[in-house]
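So the structure is just underneath, and the comments pick up after that.
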Amino acid sequence: MEPILKARGLVKRYGKVTAINRSDFDLMPGEILAVIGDNGAGKSSIVKALCGAVIPDEGEIWLEGKKVSFSSPIDARNVGIETVYQTLAMSPALSIADNMFMGRELRKPGFMGKWLRKLDRPAMEKFARQKLSELGLTTIQSINQAVESLSGGQRQGVAVARAAAFGSKVIILDEPTAALGVKESRKVLELIQDVRSRGIPIILISHNMPHVFEVADRIHIHRLGRRLAVIDPREHSMSDAVAYMTGAQVPEGIAA
Amino acid sequence: MSDSDNYEAVVQSASSEVASFEEHKKGLIGHFHHALHATPSLVPLIVLVASIIVFGIAVGSNFFSAYALTLILQQVQIVGVLAAAQSLVVLTAGIDLSVGAIAVFTSVIMGQFTFRYGIPAPISVVCGLAIGTGIGAISGWLVSRVKLPPFIVTLGMWQIVLAANYLYSANETIRSQDIATEASFLQFLGRTFELGGAKLNLGVVLMLILVVVLAYCLRSTAWGRHVYAVGDDPEAAKLAGVKVNQTLMSVYMLVGFICALAGWVMIGRFGSISPSATTGTFGNIQSITAVVIGGISLFGGRGSILGAFFGALIVGVFELGLRMAGADAQWTYLLIGALIIGAVTVDQWIRKVTA
């Protein structure tokens, strides 16, 4: 089977620091691929290269067999790759609805929208509320609340809802459950599986091993700037994975 | 802890209603605080109304006359237009020190193009507006592409534009009578009309339309939301899909255009065209004062253009009120200084989301 998102030989250097060292990457259609690695292993960097936030120095990326090169996150988004960043990328002073539709606002139909470019607030609010309810984010009282008035977990929930609502080819989640409560992180995991059941593959970066082993179909282990191995969570234990990513043990079939 | 593995399953039975709470224990101050938080331009509006009432009592009924109140509008028209421009830049977390200089320079251009080159006045006005936009574009390019701090860019631009203004005009004033007889279109915005016993001019109308249009654009269009997002957190805005550089560029160009409009308003207001008009040196500080009193955060992303408009009016009310009361002009500056500090203090209080 051909990977939906494929990268070969990616390199990214920041001065003398090599963040990505000739790394490969494969995401199969319809799967949940977890990316794990030690701090500083470069997992955020490689994922940023895939979503346009970082422009790799070398290497190539293919989406559905077609070569792509992103010069900004907007490019990646336009081809259907949606990302939830660790920093969440939200404007604190703006409302939830404004944030969800940032950069792809809906305009009123007819004269008001076409000539006066008026935003269709009711439609955006309705859509935003619906997406939040699907995620179970029912503790948010008003969709017109400024994002800064939300708790950390609620903010993360809104960011995940935004990606889930708009991602059509690939959804990338960078530590999506790090700041979430039990209920919210459960909902995010359910949502991840829900998104997969719609046929959209997901890249999940996480430090939470139980969550990774629960939802992932394959686990990409990143070490020292490159892909060390891809393992099947049904055939390896969590301690194996931790051993591989910290270098305490080398997976079978890989030369030390 | 026997069932610890399954603690997440309980979530299934949780309620899925949208949470709502009784809003009760707030009290009067709480409600007031909430209203201010929801509508930040209320603060300058309250100060405006209060200062009109105070001066009305102090000065006597003269102050409430349609004449006095429209005089305030006439006196703030230039600063009002500049404050509208300044608001846009400040919302993007920038500052524009060159607004007044651009206004003076473009007014000189409109005059000199007409009188020196014999270009028809309407075309000169269009040239002035285009050059204003062009100066804004240079600042915008330096801020968005070269990534220089807006303060530095516009500090330099202020000096450059002001010097260019003197060099180009050879420090020559065009007299009001000459404009009136030969190119009265330049004074178009100075034309007055009666409205219920009050005298207004077209410059005031332009200012009001400008504020309403910009308020609409900022509140109800995608562009306006992007301006706020860029001012709030440019990095987040970029990742969320906002074209940050283009937004900044559009803001600075629009600001240049509005400053040139202010230049045209100046010709209407003063009648003559002088390269040494005080707007060149004080326009920036006056507009920033209006913006700050109007409750727009200098850190960007918060505030409304209506607030800046009220801020400009507050300054106008203080100036006229104190003059009518026969006070020393220095009292005006003293009180405006206090008002600036007071406005920022109130702003900090409103910012507190909790409470």
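Identifiers for the structure tokens are assigned positionally: chains receive A, B, ... in sequence, residues are indexed from 1 per chain, and ligands are indexed from 1 in the order shown.
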
Spatial neighbours of B:Leu162, 8 Å, only C-alpha atoms, chain gap at least 5 places, as a list in words
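The residues satisfying every condition are Ala101, Ile102, Val104, Phe105 and Gly280 of chain B.
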
Residues of stretch 74-212 of chain B classed as helix (DSSP H, G or I) by DSSP on the backbone are to be reported as a short mmCIF file (atom, residue, chain, number, x, y, z; two decimals) with N, CA and C atoms, in the first residue's frame.
data_model
loop_
_atom_site.label_atom_id
_atom_site.label_comp_id
_atom_site.auth_asym_id
_atom_site.auth_seq_id
_atom_site.Cartn_x
_atom_site.Cartn_y
_atom_site.Cartn_z
N GLN B 74 -15.69 70.13 15.05
CA GLN B 74 -14.84 70.77 14.04
C GLN B 74 -13.39 70.80 14.48
N GLN B 75 -13.20 71.04 15.79
CA GLN B 75 -11.82 71.16 16.26
C GLN B 75 -11.09 69.82 16.31
N VAL B 76 -11.85 68.74 16.48
CA VAL B 76 -11.16 67.45 16.58
C VAL B 76 -11.09 66.72 15.24
N GLN B 77 -11.60 67.33 14.17
CA GLN B 77 -11.70 66.54 12.93
C GLN B 77 -10.35 66.00 12.45
N ILE B 78 -9.30 66.83 12.54
CA ILE B 78 -7.99 66.36 12.05
C ILE B 78 -7.46 65.26 12.96
N VAL B 79 -7.46 65.56 14.27
CA VAL B 79 -6.97 64.56 15.23
C VAL B 79 -7.84 63.30 15.18
N GLY B 80 -9.14 63.50 14.96
CA GLY B 80 -10.04 62.34 14.89
C GLY B 80 -9.67 61.42 13.74
N VAL B 81 -9.40 62.00 12.58
CA VAL B 81 -9.03 61.18 11.42
C VAL B 81 -7.68 60.50 11.68
N LEU B 82 -6.72 61.28 12.23
CA LEU B 82 -5.41 60.69 12.53
C LEU B 82 -5.53 59.58 13.58
N ALA B 83 -6.43 59.78 14.55
CA ALA B 83 -6.60 58.77 15.60
C ALA B 83 -7.17 57.49 15.01
N ALA B 84 -8.05 57.63 14.00
CA ALA B 84 -8.59 56.43 13.35
C ALA B 84 -7.45 55.64 12.71
N ALA B 85 -6.52 56.37 12.06
CA ALA B 85 -5.37 55.71 11.45
C ALA B 85 -4.49 55.07 12.53
N GLN B 86 -4.22 55.85 13.56
CA GLN B 86 -3.35 55.37 14.65
C GLN B 86 -3.93 54.11 15.29
N SER B 87 -5.27 54.08 15.45
CA SER B 87 -5.91 52.91 16.07
C SER B 87 -5.56 51.63 15.33
N LEU B 88 -5.59 51.70 14.00
CA LEU B 88 -5.32 50.50 13.20
C LEU B 88 -3.92 49.98 13.49
N VAL B 89 -2.95 50.90 13.50
CA VAL B 89 -1.56 50.46 13.74
C VAL B 89 -1.42 49.92 15.15
N VAL B 90 -2.01 50.62 16.11
CA VAL B 90 -1.86 50.20 17.51
C VAL B 90 -2.52 48.84 17.72
N LEU B 91 -3.62 48.57 17.02
CA LEU B 91 -4.27 47.26 17.15
C LEU B 91 -3.35 46.13 16.68
N VAL B 99 2.19 59.82 11.45
CA VAL B 99 0.85 60.15 10.92
C VAL B 99 0.71 61.65 10.62
N GLY B 100 1.12 62.50 11.56
CA GLY B 100 0.96 63.93 11.36
C GLY B 100 1.82 64.43 10.21
N ALA B 101 3.05 63.92 10.14
CA ALA B 101 3.96 64.34 9.08
C ALA B 101 3.40 63.97 7.71
N ILE B 102 2.83 62.77 7.60
CA ILE B 102 2.25 62.35 6.31
C ILE B 102 1.09 63.28 5.95
N ALA B 103 0.28 63.63 6.95
CA ALA B 103 -0.87 64.51 6.68
C ALA B 103 -0.40 65.86 6.14
N VAL B 104 0.60 66.45 6.77
CA VAL B 104 1.09 67.75 6.33
C VAL B 104 1.72 67.64 4.94
N PHE B 105 2.55 66.62 4.76
CA PHE B 105 3.23 66.45 3.48
C PHE B 105 2.23 66.27 2.34
N THR B 106 1.19 65.44 2.57
CA THR B 106 0.23 65.21 1.49
C THR B 106 -0.60 66.47 1.22
N SER B 107 -0.87 67.27 2.26
CA SER B 107 -1.61 68.51 2.01
C SER B 107 -0.75 69.45 1.15
N VAL B 108 0.55 69.46 1.44
CA VAL B 108 1.46 70.28 0.63
C VAL B 108 1.50 69.77 -0.81
N ILE B 109 1.53 68.45 -0.95
CA ILE B 109 1.55 67.87 -2.30
C ILE B 109 0.29 68.26 -3.08
N MET B 110 -0.85 68.15 -2.41
CA MET B 110 -2.10 68.50 -3.08
C MET B 110 -2.05 69.96 -3.56
N GLY B 111 -1.51 70.84 -2.71
CA GLY B 111 -1.43 72.25 -3.07
C GLY B 111 -0.40 72.52 -4.15
N GLN B 112 0.82 72.01 -3.96
CA GLN B 112 1.89 72.30 -4.91
C GLN B 112 1.61 71.69 -6.27
N PHE B 113 1.04 70.48 -6.31
CA PHE B 113 0.71 69.87 -7.60
C PHE B 113 -0.23 70.78 -8.37
N THR B 114 -1.19 71.37 -7.64
CA THR B 114 -2.17 72.22 -8.30
C THR B 114 -1.53 73.55 -8.74
N PHE B 115 -0.78 74.18 -7.82
CA PHE B 115 -0.30 75.52 -8.10
C PHE B 115 1.03 75.54 -8.87
N ARG B 116 1.89 74.57 -8.60
CA ARG B 116 3.19 74.59 -9.27
C ARG B 116 3.11 73.98 -10.67
N TYR B 117 2.36 72.82 -10.76
CA TYR B 117 2.33 72.12 -12.05
C TYR B 117 1.04 72.37 -12.83
N ALA B 121 -7.27 70.33 -9.56
CA ALA B 121 -7.28 70.05 -8.13
C ALA B 121 -7.72 68.62 -7.76
N PRO B 122 -8.82 68.11 -8.38
CA PRO B 122 -9.23 66.74 -7.98
C PRO B 122 -8.12 65.72 -8.24
N ILE B 123 -7.38 65.90 -9.35
CA ILE B 123 -6.31 64.94 -9.63
C ILE B 123 -5.17 65.10 -8.63
N SER B 124 -4.90 66.36 -8.24
CA SER B 124 -3.88 66.59 -7.21
C SER B 124 -4.25 65.88 -5.91
N VAL B 125 -5.54 65.95 -5.58
CA VAL B 125 -5.99 65.29 -4.34
C VAL B 125 -5.74 63.79 -4.46
N VAL B 126 -6.09 63.22 -5.61
CA VAL B 126 -5.87 61.78 -5.80
C VAL B 126 -4.37 61.46 -5.70
N CYS B 127 -3.53 62.34 -6.29
CA CYS B 127 -2.08 62.13 -6.19
C CYS B 127 -1.64 62.15 -4.73
N GLY B 128 -2.17 63.12 -3.97
CA GLY B 128 -1.82 63.21 -2.55
C GLY B 128 -2.19 61.94 -1.82
N LEU B 129 -3.42 61.44 -2.10
CA LEU B 129 -3.87 60.21 -1.44
C LEU B 129 -2.97 59.03 -1.83
N ALA B 130 -2.58 59.00 -3.11
CA ALA B 130 -1.74 57.89 -3.59
C ALA B 130 -0.36 57.95 -2.93
N ILE B 131 0.19 59.16 -2.81
CA ILE B 131 1.53 59.29 -2.20
C ILE B 131 1.46 58.92 -0.72
N GLY B 132 0.38 59.34 -0.05
CA GLY B 132 0.20 58.95 1.36
C GLY B 132 0.19 57.44 1.49
N THR B 133 -0.57 56.77 0.61
CA THR B 133 -0.63 55.32 0.63
C THR B 133 0.75 54.72 0.37
N GLY B 134 1.49 55.36 -0.56
CA GLY B 134 2.83 54.87 -0.88
C GLY B 134 3.78 54.96 0.31
N ILE B 135 3.70 56.08 1.05
CA ILE B 135 4.57 56.22 2.23
C ILE B 135 4.21 55.13 3.24
N GLY B 136 2.89 54.90 3.39
CA GLY B 136 2.45 53.83 4.28
C GLY B 136 2.99 52.48 3.84
N ALA B 137 3.02 52.29 2.51
CA ALA B 137 3.51 51.00 1.98
C ALA B 137 4.98 50.80 2.33
N ILE B 138 5.77 51.89 2.28
CA ILE B 138 7.19 51.77 2.62
C ILE B 138 7.34 51.37 4.09
N SER B 139 6.61 52.05 4.97
CA SER B 139 6.66 51.68 6.38
C SER B 139 6.21 50.24 6.57
N GLY B 140 5.12 49.90 5.89
CA GLY B 140 4.58 48.54 6.02
C GLY B 140 5.57 47.49 5.56
N TRP B 141 6.27 47.78 4.47
CA TRP B 141 7.26 46.83 3.97
C TRP B 141 8.39 46.66 4.98
N LEU B 142 8.85 47.79 5.54
CA LEU B 142 9.95 47.73 6.51
C LEU B 142 9.53 46.96 7.77
N VAL B 143 8.27 47.14 8.16
CA VAL B 143 7.81 46.46 9.38
C VAL B 143 7.56 44.98 9.11
N SER B 144 6.87 44.67 8.01
CA SER B 144 6.45 43.28 7.82
C SER B 144 7.53 42.41 7.19
N PRO B 150 8.11 48.81 14.57
CA PRO B 150 7.32 49.92 14.03
C PRO B 150 7.73 51.26 14.61
N PHE B 151 8.12 51.27 15.89
CA PHE B 151 8.52 52.53 16.51
C PHE B 151 9.70 53.14 15.76
N ILE B 152 10.69 52.32 15.46
CA ILE B 152 11.90 52.80 14.78
C ILE B 152 11.57 53.24 13.35
N VAL B 153 10.82 52.39 12.65
CA VAL B 153 10.50 52.70 11.26
C VAL B 153 9.78 54.04 11.15
N THR B 154 8.76 54.22 12.02
CA THR B 154 7.96 55.43 11.86
C THR B 154 8.63 56.64 12.48
N LEU B 155 9.55 56.40 13.45
CA LEU B 155 10.35 57.51 13.98
C LEU B 155 11.21 58.08 12.86
N GLY B 156 11.83 57.18 12.10
CA GLY B 156 12.63 57.62 10.95
C GLY B 156 11.76 58.25 9.89
N MET B 157 10.64 57.61 9.61
CA MET B 157 9.76 58.09 8.55
C MET B 157 9.21 59.48 8.88
N TRP B 158 8.95 59.71 10.15
CA TRP B 158 8.45 61.01 10.61
C TRP B 158 9.44 62.10 10.20
N GLN B 159 10.73 61.89 10.52
CA GLN B 159 11.76 62.88 10.20
C GLN B 159 11.91 63.02 8.68
N ILE B 160 11.94 61.89 7.99
CA ILE B 160 12.15 61.91 6.55
C ILE B 160 11.01 62.67 5.86
N VAL B 161 9.78 62.32 6.23
CA VAL B 161 8.62 62.93 5.58
C VAL B 161 8.55 64.42 5.89
N LEU B 162 8.83 64.76 7.15
CA LEU B 162 8.75 66.16 7.53
C LEU B 162 9.82 66.98 6.80
N ALA B 163 11.02 66.43 6.70
CA ALA B 163 12.10 67.13 5.99
C ALA B 163 11.76 67.24 4.51
N ALA B 164 11.27 66.14 3.92
CA ALA B 164 10.89 66.16 2.51
C ALA B 164 9.84 67.23 2.27
N ASN B 165 8.95 67.37 3.23
CA ASN B 165 7.88 68.35 3.16
C ASN B 165 8.44 69.77 3.07
N TYR B 166 9.42 70.08 3.92
CA TYR B 166 10.02 71.43 3.87
C TYR B 166 10.84 71.63 2.60
N LEU B 167 11.62 70.59 2.24
CA LEU B 167 12.46 70.71 1.04
C LEU B 167 11.60 70.91 -0.20
N TYR B 168 10.57 70.08 -0.31
CA TYR B 168 9.75 70.12 -1.52
C TYR B 168 8.98 71.44 -1.62
N SER B 169 8.44 71.90 -0.50
CA SER B 169 7.60 73.10 -0.55
C SER B 169 8.44 74.37 -0.51
N SER B 176 -4.88 81.14 1.57
CA SER B 176 -6.26 80.68 1.53
C SER B 176 -7.04 81.30 0.37
N GLN B 177 -6.82 82.64 0.16
CA GLN B 177 -7.59 83.31 -0.91
C GLN B 177 -7.25 82.74 -2.27
N ASP B 178 -5.95 82.44 -2.49
CA ASP B 178 -5.53 81.89 -3.77
C ASP B 178 -6.22 80.55 -4.02
N ILE B 179 -6.26 79.72 -2.97
CA ILE B 179 -6.90 78.41 -3.12
C ILE B 179 -8.38 78.59 -3.43
N ALA B 180 -9.02 79.51 -2.70
CA ALA B 180 -10.46 79.71 -2.86
C ALA B 180 -10.80 80.17 -4.28
N THR B 181 -9.96 81.03 -4.83
CA THR B 181 -10.28 81.55 -6.17
C THR B 181 -9.86 80.59 -7.27
N GLU B 182 -8.71 79.92 -7.10
CA GLU B 182 -8.19 79.14 -8.22
C GLU B 182 -8.48 77.65 -8.14
N SER B 184 -10.77 75.79 -5.61
CA SER B 184 -11.59 75.67 -4.41
C SER B 184 -11.87 74.21 -4.04
N PHE B 185 -11.64 73.28 -5.00
CA PHE B 185 -11.89 71.88 -4.69
C PHE B 185 -11.00 71.40 -3.54
N LEU B 186 -9.80 72.00 -3.45
CA LEU B 186 -8.89 71.59 -2.37
C LEU B 186 -9.52 71.84 -1.00
N GLN B 187 -10.36 72.89 -0.94
CA GLN B 187 -11.01 73.23 0.34
C GLN B 187 -12.38 72.56 0.48
N PHE B 188 -12.65 71.59 -0.40
CA PHE B 188 -13.96 70.95 -0.45
C PHE B 188 -14.44 70.50 0.93
N LEU B 189 -13.54 69.87 1.72
CA LEU B 189 -13.95 69.33 3.01
C LEU B 189 -14.19 70.42 4.05
N GLY B 190 -13.87 71.66 3.69
CA GLY B 190 -14.13 72.76 4.61
C GLY B 190 -15.52 73.36 4.43
N LEU B 202 -17.84 69.36 5.93
CA LEU B 202 -17.74 68.03 5.33
C LEU B 202 -16.60 67.21 5.94
N GLY B 203 -15.59 67.92 6.48
CA GLY B 203 -14.50 67.21 7.13
C GLY B 203 -15.00 66.40 8.32
N VAL B 204 -15.93 66.99 9.08
CA VAL B 204 -16.51 66.28 10.22
C VAL B 204 -17.28 65.06 9.72
N VAL B 205 -18.04 65.27 8.63
CA VAL B 205 -18.81 64.16 8.07
C VAL B 205 -17.86 63.03 7.64
N LEU B 206 -16.76 63.44 7.00
CA LEU B 206 -15.79 62.44 6.56
C LEU B 206 -15.26 61.66 7.76
N MET B 207 -14.94 62.38 8.83
CA MET B 207 -14.42 61.71 10.03
C MET B 207 -15.43 60.70 10.57
N LEU B 208 -16.71 61.13 10.64
CA LEU B 208 -17.74 60.23 11.19
C LEU B 208 -17.90 58.99 10.31
N ILE B 209 -17.94 59.21 8.98
CA ILE B 209 -18.10 58.07 8.07
C ILE B 209 -16.91 57.13 8.20
N LEU B 210 -15.72 57.72 8.29
CA LEU B 210 -14.50 56.92 8.39
C LEU B 210 -14.55 56.03 9.63
N VAL B 211 -14.96 56.62 10.76
CA VAL B 211 -15.00 55.84 12.01
C VAL B 211 -16.01 54.70 11.89
N VAL B 212 -17.18 55.02 11.32
CA VAL B 212 -18.22 53.98 11.20
C VAL B 212 -17.75 52.86 10.27
#

Residue contacts of A:Ile171 (6 Å, only C-alpha atoms) excluding same-chain residues fewer than 3 positions away, as a PyMOL selection string:
chain A and resi 81-83+167+202

Tell me which protein, DNA and RNA residues are within 6 Å of A:Asp120, counting only C-alpha atoms, leaving out same-chain ones fewer than 2 positions away, and put them as a CSV table (one decimal) with N, CA and C atoms, in the first residue's frame.
chain,number,residue,atom,x,y,z
A,106,LEU,N,-16.4,32.5,7.2
A,106,LEU,CA,-17.6,32.3,6.4
A,106,LEU,C,-18.2,33.7,6.2
A,107,ARG,N,-18.6,34.0,4.9
A,107,ARG,CA,-19.2,35.3,4.7
A,107,ARG,C,-20.7,35.1,4.4
A,108,LYS,N,-21.4,36.1,4.7
A,108,LYS,CA,-22.9,36.1,4.5
A,108,LYS,C,-23.1,35.9,3.0
A,122,PRO,N,-23.7,34.1,12.8
A,122,PRO,CA,-24.6,33.1,13.3
A,122,PRO,C,-24.1,31.7,12.8
A,123,ALA,N,-23.8,31.6,11.5
A,123,ALA,CA,-23.4,30.3,11.0
A,123,ALA,C,-22.1,29.8,11.6

Within 8 Å of chain B, which residues of chain A show up when using only C-alpha atoms, listed as a PyMOL selection string?
chain A and resi 53+73-74+77+87-94+98+102-105+117-119+133+136+138-141+149+182-183+186

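Taking only C-alpha atoms, the non-local environment of B:Phe318 within 9 Å (same-chain residues fewer than 2 positions away omitted) comprises B:Ser51, B:Ile52, B:Phe55, B:Leu313, B:Ile314, B:Val315, B:Gly316, B:Leu320, B:Gly321, B:Leu322, B:Arg323, B:Thr332, B:Leu335, B:Ile336.
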
Show me, as a list in words, the residues that have an atom within 7 Å of stretch 227-235 of chain A when counting only C-alpha atoms, minus same-chain residues fewer than 5 positions from it.
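What passes the distance filter is Ser23, Asp24, Phe213, Asp217, Arg218, Ile219, His220, Ile221 and His222 of chain A.
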
Considering only C-alpha atoms, return as a compact mmCIF listing (two decimals) with N, CA, C and O atoms, in the first residue's frame whatever protein or nucleic-acid residues lie within 10 Å of A:Glu190, sequence-local ones (same chain, fewer than 6 positions apart) excluded.
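Listed below is the output, around26.txt:
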# COMPACT_ATOMS: atom_id res chain seq x y z
N LEU A 135 -17.27 17.06 20.67
CA LEU A 135 -16.08 16.73 21.45
C LEU A 135 -16.38 16.62 22.93
O LEU A 135 -15.52 16.30 23.72
N GLU A 184 -11.83 15.19 29.27
CA GLU A 184 -11.47 15.78 27.98
C GLU A 184 -10.50 14.89 27.22
O GLU A 184 -10.63 14.72 26.01
N ARG A 196 -10.52 8.55 12.62
CA ARG A 196 -9.98 7.45 11.84
C ARG A 196 -11.11 6.66 11.16
O ARG A 196 -10.97 6.22 10.02
N VAL A 215 -4.46 3.80 21.22
CA VAL A 215 -5.07 4.19 19.95
C VAL A 215 -4.21 3.94 18.72
O VAL A 215 -4.74 3.83 17.61

Looking at B:Leu261, B:Ala290, B:Ile72, B:Ala50, which one is nearest to B:Phe310, with distances taken over only C-alpha atoms?
B:Ala290

Expressed in Å to a single decimal, how great is the separation between atom CA of B:Leu254 and atom CA of B:Phe309?
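So the two atoms, atom CA of B:Leu254 and atom CA of B:Phe309, lie 17.3 Å apart.
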
Using Å and a single decimal, report how far atom CA of A:Thr177 sits from atom CA of A:Ser151.
13.6 Å

Could you jot down the atom CA of A:Phe25 to atom CA of A:Met238 separation for me, Å, one decimal place?
21.5 Å

As a count of residues only, please: every residue in stretch 1-146 of chain A that DSSP puts in strand (DSSP E).
40

For B:Ile293, which residue out of B:Gly263, B:Gly311, B:Thr70, B:Gly27 is the nearest one, using only C-alpha atoms?
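Between B:Gly263, B:Gly311, B:Thr70, B:Gly27, the residue approaching B:Ile293 most closely is B:Gly311.
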